[in-house]
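File shown: upload-v9.cif (mmCIF, C-alpha atoms).
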```cif
data_upload
loop_
_atom_site.label_atom_id
_atom_site.label_comp_id
_atom_site.auth_asym_id
_atom_site.auth_seq_id
_atom_site.Cartn_x
_atom_site.Cartn_y
_atom_site.Cartn_z
CA ALA A 1 25.98 3.47 3.24
CA ASP A 2 25.79 7.20 3.98
CA PHE A 3 23.71 6.57 7.11
CA ASN A 4 26.15 3.94 8.39
CA LYS A 5 29.09 6.25 7.74
CA LEU A 6 27.34 9.02 9.67
CA LEU A 7 26.77 6.73 12.66
CA THR A 8 30.41 5.68 12.61
CA THR A 9 31.53 9.32 12.58
CA VAL A 10 29.18 10.30 15.41
CA ASN A 11 30.20 7.33 17.54
CA GLU A 12 33.85 8.30 17.09
CA LEU A 13 33.00 11.67 18.64
CA LYS A 14 31.88 9.91 21.81
CA THR A 15 35.51 9.11 22.53
CA GLU A 16 36.25 12.86 22.62
CA PHE A 17 33.09 14.15 24.32
CA THR A 18 31.72 12.21 27.29
CA ASN A 19 28.37 14.03 27.25
CA VAL A 20 27.41 13.02 23.67
CA GLN A 21 24.41 10.70 23.36
CA VAL A 22 23.60 9.18 19.96
CA TYR A 23 19.95 8.77 18.93
CA ALA A 24 19.64 7.60 15.34
CA VAL A 25 16.38 7.34 13.39
CA ALA A 26 16.50 5.91 9.88
CA ASP A 27 13.20 7.39 8.75
CA CYS A 28 11.72 10.17 6.63
CA PHE A 29 12.24 13.66 8.05
CA TYR A 30 8.74 14.61 6.95
CA LYS A 31 7.54 12.54 9.91
CA SER A 32 7.90 13.11 13.64
CA LEU A 33 11.30 11.74 14.65
CA PHE A 34 11.90 12.80 18.28
CA PRO A 35 9.81 13.09 21.45
CA VAL A 36 7.74 16.25 21.88
CA GLY A 37 9.67 19.11 23.49
CA SER A 38 12.95 17.17 23.67
CA ILE A 39 15.32 19.23 21.49
CA ASP A 40 17.21 22.38 22.51
CA VAL A 41 19.07 22.98 19.25
CA GLY A 42 18.13 21.56 15.86
CA ILE A 43 20.46 21.48 12.84
CA SER A 44 19.53 20.41 9.32
CA PHE A 45 22.25 20.15 6.68
CA THR A 46 21.52 19.77 2.96
CA SER A 47 18.26 17.90 3.28
CA VAL A 48 15.03 19.81 2.70
CA HIS A 49 15.67 20.37 -1.00
CA TRP A 50 14.57 16.72 -1.23
CA LEU A 51 10.79 16.55 -1.58
CA SER A 52 8.60 13.78 -0.19
CA LYS A 53 7.57 12.78 -3.73
CA VAL A 54 7.63 13.80 -7.39
CA PRO A 55 4.42 15.84 -7.86
CA CYS A 56 4.29 15.30 -11.63
CA PHE A 57 6.66 14.24 -14.38
CA LEU A 58 8.40 16.72 -16.63
CA GLU A 59 7.76 15.17 -20.04
CA SER A 60 10.63 16.98 -21.74
CA ARG A 61 14.27 16.23 -21.10
CA LEU A 62 14.65 18.88 -18.42
CA TYR A 63 16.27 18.00 -15.15
CA THR A 64 14.69 19.05 -11.89
CA PRO A 65 15.55 21.18 -10.01
CA PHE A 66 17.15 23.08 -12.89
CA GLY A 67 14.46 22.77 -15.55
CA LEU A 68 11.43 24.23 -13.81
CA ASP A 69 11.86 27.70 -15.29
CA GLN A 70 11.40 26.18 -18.73
CA VAL A 71 8.13 24.26 -18.25
CA ALA A 72 4.45 25.21 -18.48
CA ALA A 73 3.12 27.37 -15.66
CA ASP A 74 0.73 24.69 -14.34
CA THR A 75 3.55 22.12 -14.13
CA LYS A 76 5.84 24.54 -12.31
CA GLN A 77 2.98 25.36 -9.93
CA LYS A 78 2.58 21.69 -8.98
CA TRP A 79 6.25 21.49 -8.02
CA GLU A 80 6.09 24.76 -6.09
CA THR A 81 2.98 23.57 -4.23
CA GLN A 82 4.68 20.30 -3.30
CA ALA A 83 7.74 22.20 -2.08
CA ARG A 84 5.57 24.58 -0.03
CA ASP A 85 3.51 21.79 1.53
CA ASP A 86 6.57 19.68 2.34
CA TRP A 87 8.33 22.66 3.93
CA ARG A 88 5.31 23.34 6.14
CA LEU A 89 5.07 19.67 7.16
CA PHE A 90 8.80 19.59 7.93
CA LEU A 91 8.51 22.68 10.15
CA GLU A 92 5.38 21.45 11.94
CA ASN A 93 7.15 18.28 13.03
CA ARG A 94 10.34 20.07 14.09
CA GLN A 95 8.28 22.70 15.97
CA LYS A 96 6.72 19.95 18.09
CA GLU A 97 10.09 18.38 18.86
CA LEU A 98 11.87 21.59 19.89
CA LYS A 99 11.58 23.05 23.36
CA THR A 100 10.07 26.52 23.70
CA GLY A 101 12.84 29.00 22.94
CA GLY A 102 14.81 26.33 21.10
CA VAL A 103 16.67 27.26 17.93
CA PHE A 104 16.77 25.53 14.57
CA TYR A 105 19.53 26.11 12.01
CA ILE A 106 18.89 25.00 8.43
CA THR A 107 21.18 25.12 5.43
CA THR A 108 20.16 23.47 2.19
CA LEU A 109 20.64 23.66 -1.54
CA GLY A 110 18.59 26.52 -2.97
CA PHE A 111 18.74 29.44 -5.35
CA PRO A 112 19.34 33.09 -4.47
CA THR A 113 16.67 35.69 -5.18
CA PRO A 114 16.83 36.56 -8.00
CA HIS A 115 18.85 33.94 -9.90
CA SER A 116 22.34 35.20 -10.58
CA GLU A 117 24.13 34.62 -13.86
CA GLU A 118 26.48 31.99 -12.42
CA HIS A 119 23.56 29.95 -11.09
CA LEU A 120 21.84 30.01 -14.46
CA THR A 121 25.09 28.71 -15.94
CA HIS A 122 25.12 26.01 -13.24
CA SER A 123 21.57 25.00 -14.27
CA VAL A 124 22.40 24.81 -17.97
CA ILE A 125 25.48 22.67 -17.33
CA HIS A 126 23.72 20.13 -15.11
CA SER A 127 20.70 19.80 -17.42
CA ALA A 128 23.03 19.16 -20.37
CA LEU A 129 25.15 16.64 -18.44
CA MET A 130 22.04 14.76 -17.30
CA ALA A 131 20.83 14.58 -20.91
CA ASP A 132 24.17 13.05 -21.90
CA LEU A 133 24.08 10.55 -19.04
CA VAL A 134 20.54 9.39 -19.72
CA ALA A 135 21.19 9.03 -23.45
CA VAL A 136 23.98 6.55 -22.69
CA LEU A 137 21.90 4.64 -20.12
CA GLU A 138 18.93 4.43 -22.49
CA LYS A 139 21.19 3.19 -25.26
CA HIS A 140 22.11 0.23 -23.03
CA GLY A 141 18.51 -0.33 -21.86
CA ILE A 142 19.37 0.55 -18.27
CA ALA A 143 17.07 3.50 -17.62
CA GLU A 144 14.41 5.65 -19.22
CA HIS A 145 14.36 9.42 -19.16
CA LYS A 146 11.32 10.04 -16.94
CA SER A 147 12.78 8.33 -13.89
CA CYS A 148 16.17 9.92 -14.44
CA PHE A 149 15.19 13.51 -15.06
CA ASN A 150 12.45 13.72 -12.42
CA SER A 151 14.40 13.59 -9.18
CA PRO A 152 12.30 14.77 -6.19
CA MET A 153 14.45 17.88 -5.67
CA PHE A 154 13.35 21.50 -5.55
CA TYR A 155 15.69 24.44 -5.07
CA ARG A 156 13.69 26.98 -3.12
CA GLN A 157 14.16 30.72 -3.00
CA ARG A 158 13.38 33.00 -0.07
CA GLU A 159 9.70 33.40 -0.97
CA HIS A 160 9.15 29.64 -0.89
CA TYR A 161 10.08 29.55 2.81
CA MET A 162 8.14 32.57 3.98
CA ASN A 163 4.58 31.22 3.54
CA ALA A 164 5.08 29.04 6.62
CA LEU A 165 6.94 31.73 8.58
CA GLU A 166 4.71 34.78 8.11
CA GLY A 167 1.07 35.74 8.53
CA ASP A 168 -1.82 34.07 10.35
CA ASN A 169 -0.87 30.55 9.22
CA LYS A 170 2.79 30.56 10.25
CA VAL A 171 4.12 27.50 12.01
CA GLY A 172 5.25 28.90 15.38
CA PHE A 173 8.78 29.92 14.46
CA THR A 174 10.41 33.32 14.27
CA LEU A 175 12.89 33.85 11.44
CA GLU A 176 16.02 35.24 13.09
CA LYS A 177 18.24 35.20 10.01
CA TYR A 178 18.08 34.39 6.31
CA ASP A 179 20.94 34.36 3.83
CA ASP A 180 21.93 33.04 0.39
CA TYR A 181 25.47 31.87 -0.18
CA THR A 182 27.51 29.72 -2.51
CA LEU A 183 29.84 26.91 -1.52
CA GLU A 184 33.18 27.44 -3.17
CA LEU A 185 35.34 24.35 -3.57
CA PRO A 186 39.02 25.37 -3.35
CA VAL A 187 40.08 23.04 -6.15
CA PHE A 188 37.78 24.84 -8.60
CA THR A 189 38.72 28.29 -7.33
CA GLU A 190 42.42 27.53 -7.81
CA LEU A 191 41.92 26.13 -11.31
CA ALA A 192 39.71 29.07 -12.29
CA ALA A 193 42.39 31.50 -11.13
CA LYS A 194 44.80 29.77 -13.52
CA ASN A 195 42.16 29.80 -16.29
CA ASP A 196 42.65 26.01 -16.46
CA LYS A 197 39.41 25.01 -18.17
CA GLU A 198 40.65 21.52 -19.03
CA GLY A 199 41.60 20.89 -15.39
CA ILE A 200 38.16 22.02 -14.19
CA VAL A 201 36.47 19.68 -16.65
CA LYS A 202 38.52 16.68 -15.49
CA VAL A 203 37.88 17.34 -11.78
CA PHE A 204 34.18 17.98 -12.29
CA VAL A 205 33.67 14.83 -14.36
CA SER A 206 35.65 12.76 -11.84
CA MET A 207 33.57 14.09 -8.90
CA ASN A 208 30.26 13.31 -10.57
CA GLU A 209 31.44 9.90 -11.71
CA ALA A 210 32.32 9.07 -8.11
CA GLY A 211 28.93 10.23 -6.83
CA ALA A 212 30.47 13.11 -4.90
CA THR A 213 27.62 15.42 -5.92
CA PRO A 214 23.94 14.55 -5.46
CA TYR A 215 22.77 15.16 -8.99
CA TYR A 216 23.72 11.88 -10.70
CA LYS A 217 24.09 9.51 -7.77
CA THR A 218 20.71 7.82 -8.25
CA GLN A 219 21.16 7.45 -11.99
CA LEU A 220 24.67 6.02 -11.72
CA ALA A 221 23.45 3.54 -9.11
CA ALA A 222 21.66 1.80 -11.99
CA ILE A 223 24.98 0.41 -13.26
CA THR A 224 26.26 -0.94 -9.93
CA THR A 225 24.82 -4.41 -10.61
CA LEU A 226 26.80 -4.77 -13.83
CA THR A 227 30.21 -6.37 -14.12
CA GLU A 228 33.27 -4.18 -13.62
CA GLU A 229 34.04 -4.39 -17.33
CA GLN A 230 30.50 -3.34 -18.27
CA ARG A 231 30.51 -0.46 -15.76
CA GLU A 232 33.84 0.87 -17.00
CA GLY A 233 32.66 0.67 -20.62
CA ILE A 234 29.52 2.66 -19.85
CA MET A 235 31.39 5.20 -17.73
CA GLY A 236 33.86 5.62 -20.58
CA GLU A 237 30.98 6.52 -22.89
CA ILE A 238 29.56 8.95 -20.32
CA ARG A 239 32.94 10.64 -19.82
CA ALA A 240 33.34 10.96 -23.59
CA THR A 241 30.05 12.89 -23.81
CA TRP A 242 30.43 14.87 -20.58
CA GLU A 243 33.78 16.47 -21.36
CA PRO A 244 32.78 18.26 -24.60
CA THR A 245 29.40 19.23 -23.12
CA PHE A 246 31.04 20.79 -20.09
CA GLN A 247 33.59 22.57 -22.30
CA LYS A 248 30.74 24.00 -24.39
CA HIS A 249 28.73 25.45 -21.49
CA LEU A 250 31.43 26.32 -18.96
CA LYS A 251 31.98 29.97 -18.09
CA ILE A 252 35.29 30.13 -16.30
CA GLU A 253 34.28 33.21 -14.28
CA ASP A 254 31.28 31.40 -12.78
CA ILE A 255 32.80 28.05 -11.88
CA LYS A 256 33.86 28.92 -8.32
CA ASN A 257 30.18 29.33 -7.36
CA VAL A 258 29.51 25.65 -7.78
CA MET A 259 26.76 24.99 -5.22
CA PRO A 260 24.08 27.53 -4.19
CA PHE A 261 22.66 27.37 -0.65
CA ASN A 262 19.93 28.97 1.46
CA GLU A 263 20.53 29.45 5.19
CA LEU A 264 17.87 30.00 7.87
CA LEU A 265 18.03 30.45 11.63
CA LEU A 266 14.70 29.95 13.41
CA SER A 267 13.63 30.19 17.04
CA LYS A 268 10.56 28.44 18.43
CA ASN A 269 7.90 30.81 19.77
#
```

Just give me the structure as structure tokens.
Amino acid sequence: ADFNKLLTTVNELKTEFTNVQVYAVADCFYKSLFPVGSIDVGISFTSVHWLSKVPCFLESRLYTPFGLDQVAADTKQKWETQARDDWRLFLENRQKELKTGGVFYITTLGFPTPHSEEHLTHSVIHSALMADLVAVLEKHGIAEHKSCFNSPMFYRQREHYMNALEGDNKVGFTLEKYDDYTLELPVFTELAAKNDKEGIVKVFVSMNEAGATPYYKTQLAAITTLTEEQREGIMGEIRATWEPTFQKHLKIEDIKNVMPFNELLLSKN
């Protein structure tokens, strides 16, 4: 559905810009997608935090990408290795597709270095909400915790990118710019300014219920085959657990920093 919506949006642009050509590839971005040396400017939005696979399961009820600081060192290392290898593979394919001197802009979900207090709060909230969600789904025999908690997502920090961009084994790009930033949603900023904790809870729960954030979309897809009455009953149970959990963990001063991002600008050597 998302891919079809994107194509519709892009095709609508063709009515405004006569020099726009649409080339759509519904395939994994860890593969080669475009002809060699065919791209002048590459842009990647909110994608490379998705890994090509889950390297190993977190046995405890910790939700990746927020639970990796709480697992054994060898488990965390497997996830970091997968993230490093996937990043290198992603860059190798894009490096082939770009023309010499071409530029590549990337912005994706990722943590700042070091973690700030608001992002640790963000992690605690999402791990707790996922635990609530999975408990309800398991109660109804819809899902089990391993598949729910182990989403193939990894929030990198600056050091996770640099292995492929520095030293003798770098992938043929020059890092022109790196930055960390947070996406502030105006609705949360306005409610936080009013100290309206109840309003924040209602908006946040509504957004996640609708699949407007990536964290619970896969898990909530498990109930789409049920009847409308069954879906509403289950969502009612989830809402009833989410609201007190969010109230418990919410720090009003941190809520405006709702989504952390990393930003890179690369040029092909």

Using only C-alpha atoms, which of A:Ser44, A:Thr100, A:Gln21, A:Gln95 sits nearest Asn262 (chain A)?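 Of the candidates, the smallest distance to Asn262 (chain A) is held by A:Ser44.
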
Name the residues captured by the PyMOL selection byres ((chain A and resi 183) around 6) when it is applied to the shown file; answer as a VMD selection string. chain A and resid 182 184 259

For those residues, write C-alpha atoms to a file as a compact mmCIF listing (two decimals), keeping the file's coordinate frame.
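Listing of out.txt after writing:
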```txt
# COMPACT_ATOMS: atom_id res chain seq x y z
CA THR A 182 27.51 29.72 -2.51
CA GLU A 184 33.18 27.44 -3.17
CA MET A 259 26.76 24.99 -5.22
```

Please measure the separation of CA of Met153 (chain A) and CA of Cys28 (chain A), giving the value in Å to one decimal.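 Going from CA of Met153 (chain A) over to CA of Cys28 (chain A), I get 14.8 Å.
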
Enter the distance from CA of Thr241 (chain A) to CA of Leu185 (chain A), in Å, rounded to one decimal.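 These two atoms are separated by 23.9 Å.
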
For the PyMOL selection byres ((chain A and resi 88) around 9), applied here, can you spell out every residue it catches as a PDB file with C-alpha atoms, in the coordinates of the input?
```
ATOM      1  CA  ALA A  83       7.740  22.200  -2.080  1.00  0.00           C
ATOM      2  CA  ARG A  84       5.570  24.580  -0.030  1.00  0.00           C
ATOM      3  CA  ASP A  85       3.510  21.790   1.530  1.00  0.00           C
ATOM      4  CA  ASP A  86       6.570  19.680   2.340  1.00  0.00           C
ATOM      5  CA  TRP A  87       8.330  22.660   3.930  1.00  0.00           C
ATOM      6  CA  LEU A  89       5.070  19.670   7.160  1.00  0.00           C
ATOM      7  CA  PHE A  90       8.800  19.590   7.930  1.00  0.00           C
ATOM      8  CA  LEU A  91       8.510  22.680  10.150  1.00  0.00           C
ATOM      9  CA  GLU A  92       5.380  21.450  11.940  1.00  0.00           C
ATOM     10  CA  ASN A  93       7.150  18.280  13.030  1.00  0.00           C
ATOM     11  CA  TYR A 161      10.080  29.550   2.810  1.00  0.00           C
ATOM     12  CA  ASN A 163       4.580  31.220   3.540  1.00  0.00           C
ATOM     13  CA  ALA A 164       5.080  29.040   6.620  1.00  0.00           C
ATOM     14  CA  LEU A 165       6.940  31.730   8.580  1.00  0.00           C
ATOM     15  CA  LYS A 170       2.790  30.560  10.250  1.00  0.00           C
ATOM     16  CA  VAL A 171       4.120  27.500  12.010  1.00  0.00           C
TER      17      VAL A 171
END
```

May I ask which of the residues A:Phe34, A:Tyr178, A:Phe3, A:Phe188 is the closest one to Leu98 (chain A), counting only C-alpha atoms?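 Comparing A:Phe34, A:Tyr178, A:Phe3, A:Phe188 against Leu98 (chain A), the winner is A:Phe34.
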
Got a sec: who's within 9 Å of Val201 (chain A), counting only C-alpha atoms, leaving out chain neighbours fewer than 5 positions off, as a list in words? Asp196, Ser206, Trp242, Glu243, Pro244, Phe246, Gln247 and Leu250 of chain A

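Take CA of Ser38 (chain A) and CA of Thr107 (chain A): the distance between them is 21.5 Å.
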
Shortest interatomic distance to Tyr30 (chain A) - which of A:Ser47, A:Thr113, A:Gln77, A:Asn150, counting all atoms listed in the file: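 Closest to Tyr30 (chain A), using all atoms listed in the file: A:Ser47.
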
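Checking A:Cys56, A:Gly172, A:Ile43, A:Asn19 one by one against Asn269 (chain A), counting only C-alpha atoms, you find the shortest gap at A:Gly172.
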
Output the residue selection produced by the PyMOL selection byres ((chain A and resi 187) around 12) on the file above, formatted as an NGL selection string. :A and (183-186 or 188-194 or 196 or 199-204 or 207 or 255-258)

Counting all atoms listed in the file, the residue of A:Leu6, A:Ile39, A:Glu232, A:Pro152 that sits nearest Leu58 (chain A):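 Of A:Leu6, A:Ile39, A:Glu232, A:Pro152, the one nearest Leu58 (chain A), counting all atoms listed in the file, is A:Pro152.
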